[in-house]
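Asks: This structure is in structure tokens; I'll ask about it shortly.
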Amino acid sequence: MSEITNQNLNGVAETLLITLYIRAMESQRPDALIKDEKAVALVTQMDYDFSRIKQIKMDEEDKVTLILRNREFDRYARDFLARHPEAVVVHIGCGLDSRFERVDNGKVEWYDLDLPEVIELRRKFIGGEGASYHFLACSAFDLVWLDTVSVQGQRPFLFLAEGVFMYFEEAQVKSLVLALQEHFPGAELVFDAFSPFLVRTNNLRLALTKYGARYLWGLKRGKDLESWGTGIHLLSEWSYFDRPEPRLAHIQWMRHIPLLAKVLSIFHYQLGKTAG
């Protein structure tokens with residue numbers, strides 16, 4: 001059995017185990033919204049004190065929203081690949097998510113990007129690279145990785161960032177988005193963001209745990225990002241109350257209160273027009 005300790009993962013990187021554990025627990029429910037047997041196997045293999053995660057005060061609805069978010073990102077990836085079967089997808093902050101295995105169409109060129117210590121864990125617990133499956137072991141803000149991905153030329157690009165951007169300052173996120181637009185004009189970007197209100201309330205909950213990560217950025221309106229650069233266009237957005245979900249029935253009343261209705265949304269952008 002391989003061991004993961006606090007020395008292996010710290011701060012933001014350690015939060016990947018939260019979503020991994022929740023996916024594993026969800027997959028074992030008879031009414032599971034997703035089935036991720038890889039997550040179940042990983043939690044079983046790892047010698048990690050998952051009781052730390054149980055210290056985080058999360059209601060059942062909190063866990064369901066994380067699962068719905070994960071499922072929705074899969075849908076965005078599948079929809080993009082349906083339109084562009086031979087596209088390039090970069091999963092920013094991939095953690096230990098096995099999304100490539102879930103959505104692979106046999107033609108996509110896929111990059112999983114995360115910090116070196118996380119990629120090391122992927123190699124240990126999930127497996128190595130393949131002909132069309134690649135690892136990028138660096139920070140998303142270390143922009144040298146853009147040159148690595150640029151070798152794919154004029155193929156359509158999709159960038160996914162699930163549960164990532166809220167841990168960084170707005171200036172950092174803006175710099176990355178503009179770099180993506182410059183290097184890959186016409187690319188599509190999908191990421192999730194908390195509202196500023198949820199950033200504050202979630203930080204209060206995290207302060208009660210031993211996790212070092214804190215949320216630093218929230219997005220009030222998806223359209224706000226369009227002001228960051230000419231050609232950035234909001235294509236769509238999704239929030240948890242857009243479609244009825246029985247397991248969220250107890251909080252459906254929130255959809256009628258503007259401050260609460262869109263506290264966490266997924267935003268889908270096009271970054272300018274395709275070159276040429």
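Chain identifiers are assigned as A, B, and so on, following the order in which chains appear in the structure tokens; residues are numbered from 1 within each chain, and ligands are numbered from 1 in order of appearance.
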Quick one: contact table of range 128-184 of chain A to range 72-77 of chain A, 9 Å max, nearest atom pair and distance in Å to one decimal per residue, counting only C-alpha atoms, chain and number order, as CSV?
Replies:
residue,atom,partner,partner_atom,distance
A:Leu158,CA,A:Ala77,CA,7.9
A:Leu160,CA,A:Phe73,CA,7.7
A:Ala161,CA,A:Phe73,CA,8.9
A:Glu162,CA,A:Phe73,CA,7.4
Asks: Which residues come within 10 Å of Met166 in chain A, counting only C-alpha atoms, excluding same-chain residues fewer than 4 positions away, as a PyMOL selection string?
Replies: chain A and resi 162+170+173+191-196+199+214-219
Asks: The selected residues should be written to file as a CSV table (one decimal), in the first residue's frame (atoms: N, CA and C atoms).
Replies:
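Saved result, again_11.csv, follows:
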chain,number,residue,atom,x,y,z
A,162,GLU,N,-11.7,22.8,-13.2
A,162,GLU,CA,-12.7,22.5,-12.3
A,162,GLU,C,-12.2,22.6,-10.8
A,170,GLU,N,-7.5,37.3,-8.5
A,170,GLU,CA,-8.1,37.6,-9.8
A,170,GLU,C,-7.0,38.0,-10.8
A,173,VAL,N,-5.6,34.8,-12.3
A,173,VAL,CA,-6.6,34.1,-13.2
A,173,VAL,C,-6.7,34.9,-14.5
A,191,PHE,N,-14.8,26.9,-16.7
A,191,PHE,CA,-14.3,26.8,-15.3
A,191,PHE,C,-15.5,27.2,-14.4
A,192,ASP,N,-15.4,26.8,-13.2
A,192,ASP,CA,-16.4,27.1,-12.2
A,192,ASP,C,-15.9,28.2,-11.3
A,193,ALA,N,-16.8,28.9,-10.7
A,193,ALA,CA,-16.4,30.0,-9.8
A,193,ALA,C,-17.5,30.2,-8.7
A,194,PHE,N,-17.1,30.6,-7.5
A,194,PHE,CA,-18.0,30.9,-6.5
A,194,PHE,C,-18.4,32.4,-6.6
A,195,SER,N,-19.5,32.8,-6.1
A,195,SER,CA,-19.8,34.2,-6.0
A,195,SER,C,-19.0,34.7,-4.8
A,196,PRO,N,-18.8,36.1,-4.8
A,196,PRO,CA,-18.0,36.6,-3.7
A,196,PRO,C,-18.6,36.3,-2.3
A,199,VAL,N,-17.5,32.8,-1.4
A,199,VAL,CA,-16.0,32.8,-1.0
A,199,VAL,C,-15.9,33.1,0.4
A,214,ARG,N,-7.2,28.5,1.1
A,214,ARG,CA,-8.3,29.4,1.2
A,214,ARG,C,-8.7,29.9,-0.1
A,215,TYR,N,-10.0,30.4,-0.2
A,215,TYR,CA,-10.5,30.9,-1.5
A,215,TYR,C,-10.2,32.4,-1.6
A,216,LEU,N,-9.7,32.8,-2.8
A,216,LEU,CA,-9.2,34.1,-2.9
A,216,LEU,C,-10.0,35.0,-4.0
A,217,TRP,N,-10.8,34.3,-4.9
A,217,TRP,CA,-11.4,35.0,-5.9
A,217,TRP,C,-12.8,34.5,-6.2
A,218,GLY,N,-13.8,35.4,-6.4
A,218,GLY,CA,-15.1,35.1,-6.7
A,218,GLY,C,-15.6,35.9,-7.9
A,219,LEU,N,-16.5,35.3,-8.7
A,219,LEU,CA,-17.0,36.0,-9.9
A,219,LEU,C,-18.5,36.2,-9.7
Asks: What is the distance, in Å and to one decimal place, between CA of Asp112 in chain A and CA of Gln172 in chain A?
Replies: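 So the answer is 20.0 Å.
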Asks: Could you check the closest approach to Glu117 in chain A for each of A:Val144, A:Leu271, A:Leu96, A:Ala187 and tell me which residue wins, using only C-alpha atoms?
Replies: A:Leu96
Asks: Name all residues at most 8 Å from Ser139 in chain A (count only C-alpha atoms; drop same-chain ones fewer than 5 positions away) and give them as a PyMOL selection string.
Replies: chain A and resi 113-115
Asks: Write out as a list in words all residues of range 10-132 of chain A that DSSP puts in strand (DSSP E or B) for this structure's backbone.
Replies: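 Listing strand (DSSP E or B) positions across range 10-132 of chain A yields Asp47, Val88, Val89, Val90, His91, Ile92, Glu109, Trp110, Tyr111, Asp112, Leu113, Asp114 and Gly130 of chain A.
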Asks: Based on the selection just made, write N, CA and C atoms of those residues as a PDB file, in the first residue's frame.
Replies:
ATOM      1  N   ASP A  47      -2.987   5.133   1.812  1.00  0.00           N
ATOM      2  CA  ASP A  47      -2.824   5.159   3.259  1.00  0.00           C
ATOM      3  C   ASP A  47      -2.829   6.621   3.699  1.00  0.00           C
ATOM      4  N   VAL A  88      -7.958  19.121 -28.974  1.00  0.00           N
ATOM      5  CA  VAL A  88      -7.000  19.048 -27.872  1.00  0.00           C
ATOM      6  C   VAL A  88      -7.705  19.543 -26.617  1.00  0.00           C
ATOM      7  N   VAL A  89      -7.638  18.763 -25.549  1.00  0.00           N
ATOM      8  CA  VAL A  89      -8.242  19.157 -24.272  1.00  0.00           C
ATOM      9  C   VAL A  89      -7.142  19.225 -23.228  1.00  0.00           C
ATOM     10  N   VAL A  90      -7.102  20.324 -22.486  1.00  0.00           N
ATOM     11  CA  VAL A  90      -6.172  20.480 -21.370  1.00  0.00           C
ATOM     12  C   VAL A  90      -6.994  20.585 -20.089  1.00  0.00           C
ATOM     13  N   HIS A  91      -6.799  19.628 -19.196  1.00  0.00           N
ATOM     14  CA  HIS A  91      -7.498  19.598 -17.911  1.00  0.00           C
ATOM     15  C   HIS A  91      -6.592  20.255 -16.872  1.00  0.00           C
ATOM     16  N   ILE A  92      -6.856  21.510 -16.587  1.00  0.00           N
ATOM     17  CA  ILE A  92      -6.040  22.310 -15.661  1.00  0.00           C
ATOM     18  C   ILE A  92      -6.426  21.951 -14.227  1.00  0.00           C
ATOM     19  N   GLU A 109      -6.599  14.534 -28.247  1.00  0.00           N
ATOM     20  CA  GLU A 109      -5.260  14.669 -27.670  1.00  0.00           C
ATOM     21  C   GLU A 109      -5.468  15.325 -26.307  1.00  0.00           C
ATOM     22  N   TRP A 110      -5.091  14.643 -25.233  1.00  0.00           N
ATOM     23  CA  TRP A 110      -5.474  15.072 -23.887  1.00  0.00           C
ATOM     24  C   TRP A 110      -4.241  15.352 -23.036  1.00  0.00           C
ATOM     25  N   TYR A 111      -4.296  16.474 -22.311  1.00  0.00           N
ATOM     26  CA  TYR A 111      -3.241  16.838 -21.372  1.00  0.00           C
ATOM     27  C   TYR A 111      -3.839  17.002 -19.984  1.00  0.00           C
ATOM     28  N   ASP A 112      -3.291  16.302 -19.015  1.00  0.00           N
ATOM     29  CA  ASP A 112      -3.628  16.508 -17.611  1.00  0.00           C
ATOM     30  C   ASP A 112      -2.532  17.347 -16.979  1.00  0.00           C
ATOM     31  N   LEU A 113      -2.910  18.499 -16.432  1.00  0.00           N
ATOM     32  CA  LEU A 113      -1.943  19.450 -15.885  1.00  0.00           C
ATOM     33  C   LEU A 113      -2.170  19.619 -14.390  1.00  0.00           C
ATOM     34  N   ASP A 114      -1.106  19.488 -13.618  1.00  0.00           N
ATOM     35  CA  ASP A 114      -1.176  19.776 -12.196  1.00  0.00           C
ATOM     36  C   ASP A 114       0.241  19.913 -11.654  1.00  0.00           C
ATOM     37  N   GLY A 130       0.124   7.936 -22.466  1.00  0.00           N
ATOM     38  CA  GLY A 130      -0.060   7.106 -23.644  1.00  0.00           C
ATOM     39  C   GLY A 130       0.184   7.908 -24.899  1.00  0.00           C
TER      40      GLY A 130
END
Asks: Could you tell me which of A:Ala24, A:Ile257, A:Ile266, A:Ile251 comes closest to Asp62 in chain A if we count only C-alpha atoms?
Replies: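 Of the candidates, the smallest distance to Asp62 in chain A is held by A:Ile251.
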Asks: Tell me, which residues of range 156-235 of chain A carry DSSP helix (DSSP H, G or I), written as an NGL selection string?
Replies: :A and (165-167 or 170-183 or 196-206 or 222-228)
Asks: Quick one: write out the picked residues with N, CA and C atoms as a compact mmCIF listing (two decimals), in the first residue's frame?
Replies:
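The result, written out as selection39.txt:
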# COMPACT_ATOMS: atom_id res chain seq x y z
N PHE A 165 -9.78 27.91 -10.03
CA PHE A 165 -9.52 29.35 -10.07
C PHE A 165 -9.87 30.07 -8.77
N MET A 166 -10.80 29.55 -7.99
CA MET A 166 -11.22 30.24 -6.77
C MET A 166 -10.10 30.30 -5.72
N TYR A 167 -9.05 29.48 -5.90
CA TYR A 167 -7.95 29.47 -4.94
C TYR A 167 -6.86 30.50 -5.26
N GLU A 170 -7.49 37.27 -8.47
CA GLU A 170 -8.08 37.61 -9.76
C GLU A 170 -7.01 37.96 -10.79
N ALA A 171 -5.97 38.67 -10.37
CA ALA A 171 -4.92 39.06 -11.31
C ALA A 171 -4.23 37.85 -11.92
N GLN A 172 -4.05 36.79 -11.13
CA GLN A 172 -3.43 35.56 -11.64
C GLN A 172 -4.33 34.88 -12.66
N VAL A 173 -5.62 34.79 -12.33
CA VAL A 173 -6.57 34.14 -13.23
C VAL A 173 -6.67 34.94 -14.53
N LYS A 174 -6.75 36.25 -14.43
CA LYS A 174 -6.84 37.09 -15.61
C LYS A 174 -5.63 36.94 -16.50
N SER A 175 -4.45 36.90 -15.91
CA SER A 175 -3.22 36.74 -16.69
C SER A 175 -3.23 35.42 -17.45
N LEU A 176 -3.69 34.35 -16.81
CA LEU A 176 -3.74 33.05 -17.47
C LEU A 176 -4.76 33.05 -18.60
N VAL A 177 -5.94 33.60 -18.35
CA VAL A 177 -6.99 33.63 -19.38
C VAL A 177 -6.50 34.40 -20.61
N LEU A 178 -5.86 35.53 -20.40
CA LEU A 178 -5.37 36.32 -21.53
C LEU A 178 -4.25 35.61 -22.27
N ALA A 179 -3.42 34.86 -21.54
CA ALA A 179 -2.37 34.07 -22.18
C ALA A 179 -2.96 32.97 -23.04
N LEU A 180 -4.02 32.33 -22.55
CA LEU A 180 -4.70 31.30 -23.34
C LEU A 180 -5.28 31.90 -24.61
N GLN A 181 -5.87 33.07 -24.48
CA GLN A 181 -6.45 33.72 -25.66
C GLN A 181 -5.38 34.07 -26.68
N GLU A 182 -4.23 34.54 -26.19
CA GLU A 182 -3.15 34.94 -27.09
C GLU A 182 -2.55 33.73 -27.82
N HIS A 183 -2.34 32.65 -27.10
CA HIS A 183 -1.70 31.46 -27.69
C HIS A 183 -2.66 30.61 -28.50
N PRO A 196 -18.75 36.05 -4.82
CA PRO A 196 -18.00 36.64 -3.70
C PRO A 196 -18.60 36.29 -2.34
N PHE A 197 -19.93 36.20 -2.27
CA PHE A 197 -20.60 35.84 -1.02
C PHE A 197 -20.17 34.45 -0.57
N LEU A 198 -20.14 33.48 -1.49
CA LEU A 198 -19.78 32.11 -1.11
C LEU A 198 -18.29 32.00 -0.78
N VAL A 199 -17.46 32.81 -1.40
CA VAL A 199 -16.04 32.82 -1.04
C VAL A 199 -15.89 33.12 0.44
N ARG A 200 -16.61 34.14 0.91
CA ARG A 200 -16.51 34.52 2.32
C ARG A 200 -17.03 33.43 3.25
N THR A 201 -18.20 32.90 2.94
CA THR A 201 -18.79 31.91 3.84
C THR A 201 -18.00 30.60 3.84
N ASN A 202 -17.51 30.18 2.69
CA ASN A 202 -16.73 28.94 2.64
C ASN A 202 -15.39 29.09 3.35
N ASN A 203 -14.81 30.27 3.31
CA ASN A 203 -13.54 30.48 4.02
C ASN A 203 -13.74 30.37 5.53
N LEU A 204 -14.89 30.77 6.01
CA LEU A 204 -15.17 30.61 7.43
C LEU A 204 -15.20 29.14 7.82
N ARG A 205 -15.74 28.31 6.96
CA ARG A 205 -15.79 26.87 7.24
C ARG A 205 -14.41 26.24 7.14
N LEU A 206 -13.63 26.64 6.14
CA LEU A 206 -12.29 26.08 5.99
C LEU A 206 -11.38 26.48 7.15
N GLY A 222 -20.99 36.15 -14.92
CA GLY A 222 -20.17 35.58 -15.97
C GLY A 222 -19.76 36.60 -17.02
N LYS A 223 -20.64 37.55 -17.31
CA LYS A 223 -20.35 38.59 -18.30
C LYS A 223 -19.18 39.48 -17.88
N ASP A 224 -18.88 39.52 -16.56
CA ASP A 224 -17.80 40.38 -16.09
C ASP A 224 -16.48 40.02 -16.74
N LEU A 225 -16.29 38.76 -17.05
CA LEU A 225 -15.03 38.32 -17.63
C LEU A 225 -14.82 38.88 -19.03
N GLU A 226 -15.88 39.23 -19.72
CA GLU A 226 -15.75 39.76 -21.08
C GLU A 226 -14.99 41.07 -21.11
N SER A 227 -14.97 41.79 -19.99
CA SER A 227 -14.25 43.06 -19.93
C SER A 227 -12.74 42.87 -19.81
N TRP A 228 -12.29 41.63 -19.60
CA TRP A 228 -10.86 41.37 -19.46
C TRP A 228 -10.12 41.51 -20.78
Asks: Nearest to Thr230 in chain A among A:Leu264, A:Pro185, A:Ala131, A:Arg71, with distances taken over only C-alpha atoms: which residue is it?
Replies: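 Closest to Thr230 in chain A of all the choices is A:Pro185.
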Asks: Take CA of Leu20 in chain A and CA of Tyr269 in chain A and report the distance between them in Å, one decimal.
Replies: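 Interatomic distance, CA of Leu20 in chain A to CA of Tyr269 in chain A: 26.5 Å.
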Asks: Can you pull out the residues contacting Phe50 in chain A? Cut-off 9 Å, using only C-alpha atoms, and skip same-chain residues under 4 positions away; I want them as a ChimeraX atom specification.
Replies: /A:17-18,21,43,54
Asks: Could you list, as a PyMOL selection string, every residue within 10 Å of Pro156 in chain A, counting only C-alpha atoms and ignoring same-chain residues fewer than 2 positions away?
Replies: chain A and resi 80-81+83-89+152-154+158+184-188+274
Asks: Can I get the selected residues back with N, CA, C and O atoms, as a PDB file, in the first residue's frame?
Replies:
ATOM      1  N   PHE A  80     -18.024  19.209 -26.448  1.00  0.00           N
ATOM      2  CA  PHE A  80     -16.972  19.805 -27.269  1.00  0.00           C
ATOM      3  C   PHE A  80     -16.398  18.758 -28.229  1.00  0.00           C
ATOM      4  O   PHE A  80     -16.177  19.033 -29.414  1.00  0.00           O
ATOM      5  N   LEU A  81     -16.172  17.550 -27.716  1.00  0.00           N
ATOM      6  CA  LEU A  81     -15.612  16.497 -28.559  1.00  0.00           C
ATOM      7  C   LEU A  81     -16.615  16.011 -29.605  1.00  0.00           C
ATOM      8  O   LEU A  81     -16.218  15.514 -30.661  1.00  0.00           O
ATOM      9  N   ARG A  83     -18.469  18.076 -31.196  1.00  0.00           N
ATOM     10  CA  ARG A  83     -18.323  19.088 -32.237  1.00  0.00           C
ATOM     11  C   ARG A  83     -16.955  19.028 -32.902  1.00  0.00           C
ATOM     12  O   ARG A  83     -16.810  19.341 -34.082  1.00  0.00           O
ATOM     13  N   HIS A  84     -15.938  18.650 -32.115  1.00  0.00           N
ATOM     14  CA  HIS A  84     -14.552  18.635 -32.606  1.00  0.00           C
ATOM     15  C   HIS A  84     -13.891  17.331 -32.167  1.00  0.00           C
ATOM     16  O   HIS A  84     -13.121  17.317 -31.194  1.00  0.00           O
ATOM     17  N   PRO A  85     -14.148  16.232 -32.847  1.00  0.00           N
ATOM     18  CA  PRO A  85     -13.657  14.923 -32.385  1.00  0.00           C
ATOM     19  C   PRO A  85     -12.145  14.828 -32.227  1.00  0.00           C
ATOM     20  O   PRO A  85     -11.661  14.083 -31.371  1.00  0.00           O
ATOM     21  N   GLU A  86     -11.385  15.558 -33.031  1.00  0.00           N
ATOM     22  CA  GLU A  86      -9.930  15.473 -32.987  1.00  0.00           C
ATOM     23  C   GLU A  86      -9.319  16.679 -32.276  1.00  0.00           C
ATOM     24  O   GLU A  86      -8.224  17.126 -32.587  1.00  0.00           O
ATOM     25  N   ALA A  87     -10.005  17.167 -31.282  1.00  0.00           N
ATOM     26  CA  ALA A  87      -9.581  18.360 -30.554  1.00  0.00           C
ATOM     27  C   ALA A  87      -8.469  18.051 -29.560  1.00  0.00           C
ATOM     28  O   ALA A  87      -8.091  16.900 -29.338  1.00  0.00           O
ATOM     29  N   VAL A  88      -7.958  19.121 -28.974  1.00  0.00           N
ATOM     30  CA  VAL A  88      -7.000  19.048 -27.872  1.00  0.00           C
ATOM     31  C   VAL A  88      -7.705  19.543 -26.617  1.00  0.00           C
ATOM     32  O   VAL A  88      -8.319  20.609 -26.632  1.00  0.00           O
ATOM     33  N   VAL A  89      -7.638  18.763 -25.549  1.00  0.00           N
ATOM     34  CA  VAL A  89      -8.242  19.157 -24.272  1.00  0.00           C
ATOM     35  C   VAL A  89      -7.142  19.225 -23.228  1.00  0.00           C
ATOM     36  O   VAL A  89      -6.337  18.293 -23.106  1.00  0.00           O
ATOM     37  N   GLN A 152       0.478  21.266 -31.023  1.00  0.00           N
ATOM     38  CA  GLN A 152      -0.690  20.644 -31.651  1.00  0.00           C
ATOM     39  C   GLN A 152      -1.261  21.487 -32.783  1.00  0.00           C
ATOM     40  O   GLN A 152      -2.213  21.077 -33.446  1.00  0.00           O
ATOM     41  N   GLY A 153      -0.678  22.671 -33.003  1.00  0.00           N
ATOM     42  CA  GLY A 153      -1.034  23.471 -34.168  1.00  0.00           C
ATOM     43  C   GLY A 153      -2.422  24.058 -34.119  1.00  0.00           C
ATOM     44  O   GLY A 153      -2.854  24.604 -33.102  1.00  0.00           O
ATOM     45  N   GLN A 154      -3.145  23.933 -35.219  1.00  0.00           N
ATOM     46  CA  GLN A 154      -4.419  24.625 -35.387  1.00  0.00           C
ATOM     47  C   GLN A 154      -5.625  23.787 -34.973  1.00  0.00           C
ATOM     48  O   GLN A 154      -6.755  24.112 -35.322  1.00  0.00           O
ATOM     49  N   LEU A 158      -9.794  22.994 -26.037  1.00  0.00           N
ATOM     50  CA  LEU A 158     -10.698  23.194 -24.900  1.00  0.00           C
ATOM     51  C   LEU A 158      -9.868  23.139 -23.633  1.00  0.00           C
ATOM     52  O   LEU A 158      -9.077  22.208 -23.432  1.00  0.00           O
ATOM     53  N   PHE A 184      -3.950  30.607 -28.108  1.00  0.00           N
ATOM     54  CA  PHE A 184      -4.916  29.704 -28.730  1.00  0.00           C
ATOM     55  C   PHE A 184      -6.188  30.468 -29.091  1.00  0.00           C
ATOM     56  O   PHE A 184      -7.251  30.229 -28.503  1.00  0.00           O
ATOM     57  N   PRO A 185      -6.105  31.416 -30.032  1.00  0.00           N
ATOM     58  CA  PRO A 185      -7.296  32.204 -30.381  1.00  0.00           C
ATOM     59  C   PRO A 185      -8.431  31.305 -30.869  1.00  0.00           C
ATOM     60  O   PRO A 185      -8.230  30.394 -31.672  1.00  0.00           O
ATOM     61  N   GLY A 186      -9.605  31.560 -30.334  1.00  0.00           N
ATOM     62  CA  GLY A 186     -10.768  30.754 -30.669  1.00  0.00           C
ATOM     63  C   GLY A 186     -10.987  29.575 -29.746  1.00  0.00           C
ATOM     64  O   GLY A 186     -11.993  28.872 -29.868  1.00  0.00           O
ATOM     65  N   ALA A 187     -10.045  29.341 -28.841  1.00  0.00           N
ATOM     66  CA  ALA A 187     -10.192  28.233 -27.893  1.00  0.00           C
ATOM     67  C   ALA A 187     -11.400  28.460 -26.995  1.00  0.00           C
ATOM     68  O   ALA A 187     -11.879  29.593 -26.824  1.00  0.00           O
ATOM     69  N   GLU A 188     -11.889  27.372 -26.390  1.00  0.00           N
ATOM     70  CA  GLU A 188     -12.973  27.466 -25.425  1.00  0.00           C
ATOM     71  C   GLU A 188     -12.450  27.138 -24.031  1.00  0.00           C
ATOM     72  O   GLU A 188     -11.553  26.298 -23.877  1.00  0.00           O
ATOM     73  N   THR A 274     -10.921  32.198 -34.049  1.00  0.00           N
ATOM     74  CA  THR A 274      -9.881  31.303 -34.526  1.00  0.00           C
ATOM     75  C   THR A 274      -8.991  32.019 -35.519  1.00  0.00           C
ATOM     76  O   THR A 274      -9.483  32.728 -36.412  1.00  0.00           O
TER      77      THR A 274
END
Asks: Return the single residue from A:Leu143, A:Asp97, A:Gln252, A:Lys262 that is closest to Leu16 in chain A, with distances computed using only C-alpha atoms.
Replies: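 Closest candidate: A:Asp97.
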Asks: Which distance in Å separates CA of Gly128 in chain A and CA of Leu42 in chain A, to one decimal?
Replies: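 CA of Gly128 in chain A sits 15.1 Å away from CA of Leu42 in chain A.
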